[in-house]
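Reproduced below: coords-v8.txt, with compact mmCIF, C-alpha atoms.
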# COMPACT_ATOMS: atom_id res chain seq x y z
CA MET A 536 -4.62 30.57 -1.89
CA ARG A 537 -3.78 31.60 -5.44
CA THR A 538 -1.12 28.88 -5.59
CA ALA A 539 -3.62 26.29 -4.39
CA GLY A 540 -6.09 27.38 -7.09
CA THR A 541 -3.47 27.09 -9.81
CA VAL A 542 -2.36 23.64 -8.66
CA ALA A 543 -5.99 22.49 -8.39
CA TRP A 544 -6.70 23.68 -11.93
CA LEU A 545 -3.63 21.83 -13.24
CA THR A 546 -4.68 18.69 -11.38
CA LEU A 547 -8.19 18.81 -12.84
CA TYR A 548 -6.75 19.39 -16.31
CA GLU A 549 -4.53 16.34 -15.92
CA LEU A 550 -7.50 14.23 -14.81
CA SER A 551 -9.50 15.33 -17.86
CA ARG A 552 -6.72 14.06 -20.14
CA ASN A 553 -7.16 10.49 -18.90
CA ARG A 554 -8.84 9.01 -21.97
CA LEU A 555 -9.58 5.66 -20.39
CA ALA A 556 -11.37 7.37 -17.51
CA MET A 557 -13.42 9.48 -19.91
CA LEU A 558 -14.36 6.36 -21.89
CA LEU A 559 -15.43 4.60 -18.71
CA LEU A 560 -17.47 7.64 -17.70
CA LEU A 561 -19.34 7.92 -21.00
CA VAL A 562 -19.75 4.22 -21.78
CA PHE A 563 -19.22 1.95 -18.78
CA ILE A 564 -21.61 3.70 -16.39
CA PRO A 565 -24.69 3.77 -18.70
CA VAL A 566 -23.97 0.26 -20.03
CA TRP A 567 -23.67 -1.24 -16.53
CA ILE A 568 -26.83 0.44 -15.23
CA SER A 569 -28.74 -0.41 -18.44
CA LEU A 570 -27.77 -4.08 -18.20
CA ALA A 571 -28.87 -4.18 -14.56
CA HIS A 572 -32.27 -2.79 -15.62
CA LEU A 573 -32.69 -5.10 -18.62
CA VAL A 574 -31.30 -8.38 -17.30
CA PHE A 575 -32.26 -8.66 -13.63
CA SER A 576 -35.73 -9.65 -12.48
CA PRO A 577 -37.94 -7.23 -10.50
CA VAL A 578 -38.85 -10.03 -8.08
CA PRO A 579 -39.18 -8.67 -4.50
CA LEU A 580 -36.30 -9.34 -2.12
CA ASP A 581 -35.84 -8.94 1.62
CA PHE A 582 -33.24 -6.28 2.40
CA THR A 583 -32.18 -5.60 5.98
CA HIS A 584 -31.88 -1.84 6.31
CA ARG A 585 -29.69 -1.77 9.39
CA SER A 586 -29.57 2.02 9.68
CA THR A 587 -33.33 2.16 10.30
CA GLY A 588 -33.75 -1.27 11.85
CA THR A 589 -36.36 -2.37 9.29
CA LEU A 590 -36.76 -5.22 6.83
CA LEU A 591 -37.66 -3.79 3.41
CA GLN A 592 -39.25 -5.47 0.43
CA VAL A 593 -37.23 -4.16 -2.52
CA SER A 594 -37.18 -4.91 -6.24
CA GLY A 595 -34.21 -7.03 -7.23
CA ARG A 596 -33.87 -5.03 -10.44
CA GLU A 597 -33.71 -1.63 -8.76
CA LEU A 598 -31.47 -2.95 -5.97
CA THR A 599 -29.01 -4.21 -8.57
CA MET A 600 -29.15 -0.86 -10.33
CA ILE A 601 -28.12 0.82 -7.07
CA SER A 602 -25.34 -1.71 -6.54
CA GLY A 603 -24.25 -1.39 -10.18
CA SER A 604 -24.14 2.40 -10.09
CA LEU A 605 -22.09 2.33 -6.88
CA ASN A 606 -19.76 -0.21 -8.46
CA ALA A 607 -19.29 1.95 -11.56
CA VAL A 608 -18.61 5.11 -9.55
CA THR A 609 -16.16 3.37 -7.20
CA LEU A 610 -14.22 1.79 -10.05
CA LEU A 611 -13.98 5.02 -12.01
CA MET A 612 -13.04 7.30 -9.11
CA GLY A 613 -10.68 4.75 -7.56
CA PHE A 614 -8.78 4.19 -10.80
CA LEU A 615 -8.81 7.89 -11.73
CA MET A 616 -7.30 9.06 -8.44
CA PHE A 617 -4.88 6.12 -8.30
CA SER A 618 -3.54 6.92 -11.76
CA ALA A 619 -3.32 10.66 -11.09
CA THR A 620 -1.51 10.12 -7.76
CA ARG A 621 0.98 7.62 -9.16
CA ARG A 622 1.91 9.81 -12.12
CA ALA A 623 2.25 12.96 -10.01
CA ARG A 624 4.58 11.54 -7.35
CA MET A 625 7.82 12.94 -8.73
CA PHE A 626 6.15 16.15 -9.89
CA ASP A 627 4.81 16.78 -6.38
CA ARG A 628 8.34 16.45 -5.05
CA ARG A 629 9.67 18.97 -7.55
CA LEU A 630 6.91 21.42 -6.67
CA THR A 631 7.64 21.21 -2.95
CA ASP A 632 11.37 21.51 -3.69
CA ALA A 633 10.61 24.69 -5.64
CA GLY A 634 8.78 26.15 -2.66
CA CYS A 635 5.17 25.20 -3.36
CA PRO A 636 3.35 24.81 0.00
CA ARG A 637 2.27 21.29 0.81
CA ARG A 638 -1.14 22.54 1.85
CA ALA A 639 -1.64 23.80 -1.73
CA LEU A 640 -0.92 20.34 -3.14
CA LEU A 641 -3.18 18.69 -0.57
CA LEU A 642 -5.97 21.17 -1.29
CA ALA A 643 -5.56 20.56 -5.03
CA LYS A 644 -5.99 16.80 -4.57
CA LEU A 645 -9.04 17.39 -2.37
CA VAL A 646 -10.58 19.70 -4.98
CA ALA A 647 -9.88 17.18 -7.76
CA LEU A 648 -11.35 14.32 -5.73
CA THR A 649 -14.48 16.30 -4.82
CA ALA A 650 -15.05 17.68 -8.31
CA GLY A 651 -14.56 14.26 -9.89
CA SER A 652 -16.95 12.60 -7.45
CA LEU A 653 -19.63 15.27 -8.01
CA LEU A 654 -19.35 14.91 -11.79
CA VAL A 655 -19.29 11.12 -11.94
CA ALA A 656 -22.10 10.76 -9.38
CA GLY A 657 -24.22 13.29 -11.25
CA TRP A 658 -23.88 11.37 -14.52
CA ALA A 659 -24.68 8.04 -12.85
CA THR A 660 -27.72 9.58 -11.13
CA LEU A 661 -29.06 10.92 -14.43
CA VAL A 662 -28.74 7.49 -16.04
CA MET A 663 -30.54 5.89 -13.09
CA LEU A 664 -33.39 8.42 -13.27
CA PHE A 665 -33.86 7.56 -16.94
CA TYR A 666 -34.98 4.05 -15.90
CA TRP A 667 -36.40 4.55 -12.43
CA ASP A 668 -38.52 7.13 -10.62
CA VAL A 669 -36.41 7.28 -7.45
CA ARG A 670 -38.23 8.56 -4.36
CA GLN A 671 -35.34 10.76 -3.19
CA PRO A 672 -33.03 11.53 -6.13
CA TRP A 673 -30.89 13.93 -4.09
CA LEU A 674 -30.17 11.22 -1.50
CA LEU A 675 -29.21 8.78 -4.25
CA TYR A 676 -26.86 11.43 -5.63
CA LEU A 677 -25.37 11.92 -2.16
CA ALA A 678 -24.82 8.16 -1.82
CA LEU A 679 -22.93 8.07 -5.10
CA VAL A 680 -20.88 11.16 -4.20
CA VAL A 681 -19.67 9.74 -0.88
CA SER A 682 -18.94 6.41 -2.55
CA GLY A 683 -16.76 8.23 -5.07
CA LEU A 684 -15.01 10.14 -2.28
CA ILE A 685 -14.28 6.94 -0.35
CA TYR A 686 -12.85 4.99 -3.27
CA GLY A 687 -11.11 8.06 -4.65
CA GLY A 688 -9.37 8.32 -1.28
CA ILE A 689 -8.50 4.61 -1.44
CA GLY A 690 -7.12 5.20 -4.94
CA ILE A 691 -4.89 8.01 -3.65
CA VAL A 692 -3.50 5.77 -0.91
CA LEU A 693 -2.89 2.89 -3.34
CA GLY A 694 -1.26 5.31 -5.77
CA VAL A 695 1.51 5.89 -3.24
CA PHE A 696 2.32 2.22 -2.69
CA LEU A 697 1.59 0.40 -5.96
CA PRO A 698 3.98 1.02 -8.88
CA ASP A 699 1.83 0.15 -11.90
CA ASP A 700 -1.64 0.95 -13.29
CA LEU A 701 -2.49 -2.74 -13.74
CA GLU A 702 -1.85 -3.56 -10.10
CA GLY A 703 -3.90 -0.59 -8.90
CA MET A 704 -6.83 -1.26 -11.20
CA PHE A 705 -6.91 -4.96 -10.28
CA THR A 706 -6.87 -4.14 -6.55
CA ILE A 707 -9.65 -1.56 -6.86
CA ILE A 708 -11.79 -3.91 -8.97
CA MET A 709 -11.46 -6.79 -6.52
CA VAL A 710 -12.14 -4.63 -3.45
CA SER A 711 -15.19 -3.04 -5.08
CA ILE A 712 -16.65 -6.36 -6.24
CA ILE A 713 -16.25 -7.99 -2.82
CA ASP A 714 -17.56 -4.87 -1.08
CA LEU A 715 -20.82 -4.65 -3.03
CA ALA A 716 -21.44 -8.34 -3.70
CA LEU A 717 -21.51 -9.06 0.02
CA GLN A 718 -24.25 -6.44 0.48
CA ASN A 719 -26.53 -7.62 -2.33
CA PRO A 720 -28.96 -10.39 -1.21
CA ILE A 721 -29.04 -11.68 -4.80
CA ALA A 722 -25.35 -12.59 -4.62
CA ASN A 723 -25.15 -13.17 -0.87
CA PRO A 724 -28.07 -14.67 1.08
CA ALA A 725 -26.30 -13.56 4.29
CA ALA A 726 -26.23 -9.91 3.25
CA ASP A 727 -27.52 -8.92 6.69
CA ALA A 728 -24.42 -10.23 8.50
CA ALA A 729 -22.93 -7.95 11.16
CA LEU A 730 -19.61 -7.77 9.31
CA ILE A 731 -21.26 -5.79 6.49
CA VAL A 732 -21.21 -2.56 8.51
CA TYR A 733 -17.40 -2.39 8.22
CA LEU A 734 -17.32 -2.38 4.41
CA PRO A 735 -16.42 0.87 2.60
CA ASN A 736 -19.67 0.99 0.64
CA TYR A 737 -21.93 0.06 3.55
CA GLY A 738 -22.94 3.69 4.11
CA PRO A 739 -23.54 4.52 0.43
CA MET A 740 -25.50 1.29 -0.10
CA GLN A 741 -27.75 2.02 2.87
CA LEU A 742 -28.27 5.58 1.66
CA GLY A 743 -29.05 4.36 -1.87
CA VAL A 744 -31.66 1.90 -0.64
CA ALA A 745 -33.21 4.57 1.58
CA ALA A 746 -33.31 6.91 -1.43
CA GLY A 747 -34.99 4.38 -3.69
CA PHE A 748 -37.47 2.66 -1.40
CA THR A 749 -38.20 4.93 1.58
CA ASP A 750 -38.85 8.54 2.49
CA LEU A 751 -36.32 8.42 5.33
CA VAL A 752 -32.93 10.12 5.59
CA PRO A 753 -30.86 7.89 7.90
CA ARG A 754 -27.96 9.50 9.74
CA ALA A 755 -25.92 6.42 10.65
CA PRO A 756 -24.83 5.68 7.04
CA LEU A 757 -23.73 9.31 6.65
CA LEU A 758 -21.53 9.01 9.74
CA ASN A 759 -20.15 5.69 8.51
CA SER A 760 -19.28 7.22 5.12
CA LEU A 761 -17.74 10.26 6.79
CA ALA A 762 -15.54 7.99 8.92
CA TRP A 763 -14.25 6.21 5.81
CA CYS A 764 -13.59 9.52 4.02
CA VAL A 765 -11.73 10.97 7.01
CA GLY A 766 -9.77 7.74 7.53
CA CYS A 767 -8.58 7.58 3.91
CA GLY A 768 -7.83 11.29 4.00
CA LEU A 769 -5.68 10.99 7.12
CA VAL A 770 -3.72 8.06 5.71
CA GLY A 771 -3.13 9.97 2.48
CA LEU A 772 -2.08 13.07 4.43
CA VAL A 773 0.47 11.18 6.53
CA VAL A 774 1.92 9.34 3.54
CA PHE A 775 2.11 12.54 1.50
CA HIS A 776 3.93 14.27 4.36
CA LEU A 777 6.46 11.44 4.63
CA ARG A 778 6.93 11.26 0.89
CA THR A 779 7.65 14.94 0.32
CA ARG A 780 9.63 15.96 3.40
CA ARG A 781 13.29 16.83 3.08
CA HIS A 782 15.45 14.62 5.20
CA HIS A 783 19.12 15.03 4.49
CA SER A 784 21.73 16.73 2.35
CA VAL A 785 23.92 14.85 -0.07
CA GLU A 786 27.09 15.86 -1.86
CA GLY A 787 26.75 16.52 -5.56
CA PRO A 788 29.30 15.56 -8.27
CA SER A 789 31.04 18.96 -8.03
CA GLY A 790 31.36 18.81 -4.26
CA THR A 791 28.40 21.12 -3.61
CA ARG A 792 25.78 20.28 -1.06
CA GLN A 793 22.40 19.34 -2.53
CA GLN A 794 19.11 18.74 -0.77
CA GLY A 795 18.16 15.07 -0.74
CA TRP A 796 14.70 13.58 -0.36
CA SER A 797 13.55 11.25 2.30
CA ASP A 798 11.75 8.38 0.60
CA PRO A 799 10.26 5.99 3.13
CA VAL A 800 7.75 4.92 0.45
CA ARG A 801 9.18 3.57 -2.76
CA PRO A 802 8.05 5.39 -5.95
Please express what this file holds, its structure, as structure tokens.
Amino acid sequence: MRTAGTVAWLTLYELSRNRLAMLLLLVFIPVWISLAHLVFSPVPLDFTHRSTGTLLQVSGRELTMISGSLNAVTLLMGFLMFSATRRARMFDRRLTDAGCPRRALLLAKLVALTAGSLLVAGWATLVMLFYWDVRQPWLLYLALVVSGLIYGGIGIVLGVFLPDDLEGMFTIIMVSIIDLALQNPIANPAADAALIVYLPNYGPMQLGVAAGFTDLVPRAPLLNSLAWCVGCGLVGLVVFHLRTRRHHSVEGPSGTRQQGWSDPVRP
């Protein structure tokens, strides 16, 4: 447990040194939410709240603020965990080679993902509350937290397969834009289509709308978000196991036997 705590602390320290992520946290989130508040019209819109089976009349301005805050959190957490995972690939191998338990490394990544999501979601919630008296602030915060967990998990998975920051950031941006644009009736008149329920941010979006415009706490979006979190976590766990397991011995230059690494996933 002590090893896991040390590795988690080192992982969090490494995340805090990502200057681009810190800049996005301090600038991008408040700018995006502020623009949504200042630019979009408060004209009422029909929003199909599938988790409660009701058709809500919501303000286009506040709905876009919810969508914008989710977009900001997903981009930041996705890129942050992608970058951290990609840069730590070889270091993780060296740690396991030195005897560090895999469960300690996995726990460290889970702690970093959770702590990052709590921090980023808290900041985004505070900015939202500056402009809008949300009915259920805690539920809005929960929506942003689970959104960060989902896209942070996606970032970890992409960090194993994609070799460069630019590729990862582009992929996360495109997935996030498509995900949230399809759920916003301003951008998509067919935002109540059945396919929407399979999107990563379906659960967080439904929770955010419930937080802003109702007094209900729907359970279905929570289960949907949990399924995405568990799914990304399991994929990351399997890939991490394959990437760090020892597979064979090779002969070194001096004729000694050295432990080689199995590498089914290219670094």
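Compared by their closest atoms to A:Ala745, and using all atoms listed in the file, the residues A:Leu590, A:Met616, A:Ile708, A:Leu641 rank with A:Leu590 nearest.
Separating atom CA of A:Ile685 from atom CA of A:Pro577 is a distance of 29.4 Å.
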What's around A:Leu598 at 12 Å? Count all atoms listed in the file, leave out sequence neighbours fewer than 6 positions away in its own chain, and write the answer as JSON, numbers by chain. {"A": [568, 571, 572, 575, 576, 577, 578, 579, 580, 581, 582, 591, 592, 604, 605, 663, 667, 669, 715, 716, 718, 719, 720, 721, 722, 740, 741, 742, 743, 744, 745, 746, 747, 748]}
Would you compute the distance between atom CA of A:Ala725 and atom CA of A:Asn759? Give it in Å to one decimal. 20.6 Å
Given all atoms listed in the file as the counted atoms, nearest of A:Pro672, A:Gly657, A:Pro565, A:Gly771 to A:Thr749: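 Of A:Pro672, A:Gly657, A:Pro565, A:Gly771, the one nearest A:Thr749 is A:Pro672, counting all atoms listed in the file.
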I'd like the interatomic distance between atom CA of A:Asp750 and atom CA of A:Phe665, to a tenth of an Å.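 For atom CA of A:Asp750 relative to atom CA of A:Phe665, the distance reads 20.1 Å.
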Hey, which of A:Ala647, A:Val710, A:Val566, A:Val774 ends up closest to A:Met600? Count all atoms listed in the file.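 For A:Met600, the nearest of the given residues is A:Val566.
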Between A:Val593, A:Gln671, A:Val692, A:Val752, single out the one closest to A:Val770, counting only C-alpha atoms.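 Among the listed residues, the smallest separation from A:Val770 belongs to A:Val692.
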When you count all atoms listed in the file, which of these residues is closest to A:Phe563: A:Val662, A:Asp699, A:Ala633, A:Arg596?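 Between A:Val662, A:Asp699, A:Ala633, A:Arg596, the residue approaching A:Phe563 most closely is A:Val662.
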12 Å contact set for A:Leu615, all atoms listed in the file, chain neighbours under 2 positions out, as a PyMOL selection string: chain A and resi 546-547+549-560+608-613+617-622+644+647-648+651-652+655+683-684+686-691+693-694+700+703-704+707
I need the residue nearest A:Gly768 from this list: A:Ser594, A:Leu642, A:Arg628, A:Ala755. Use all atoms listed in the file for the distance. A:Leu642
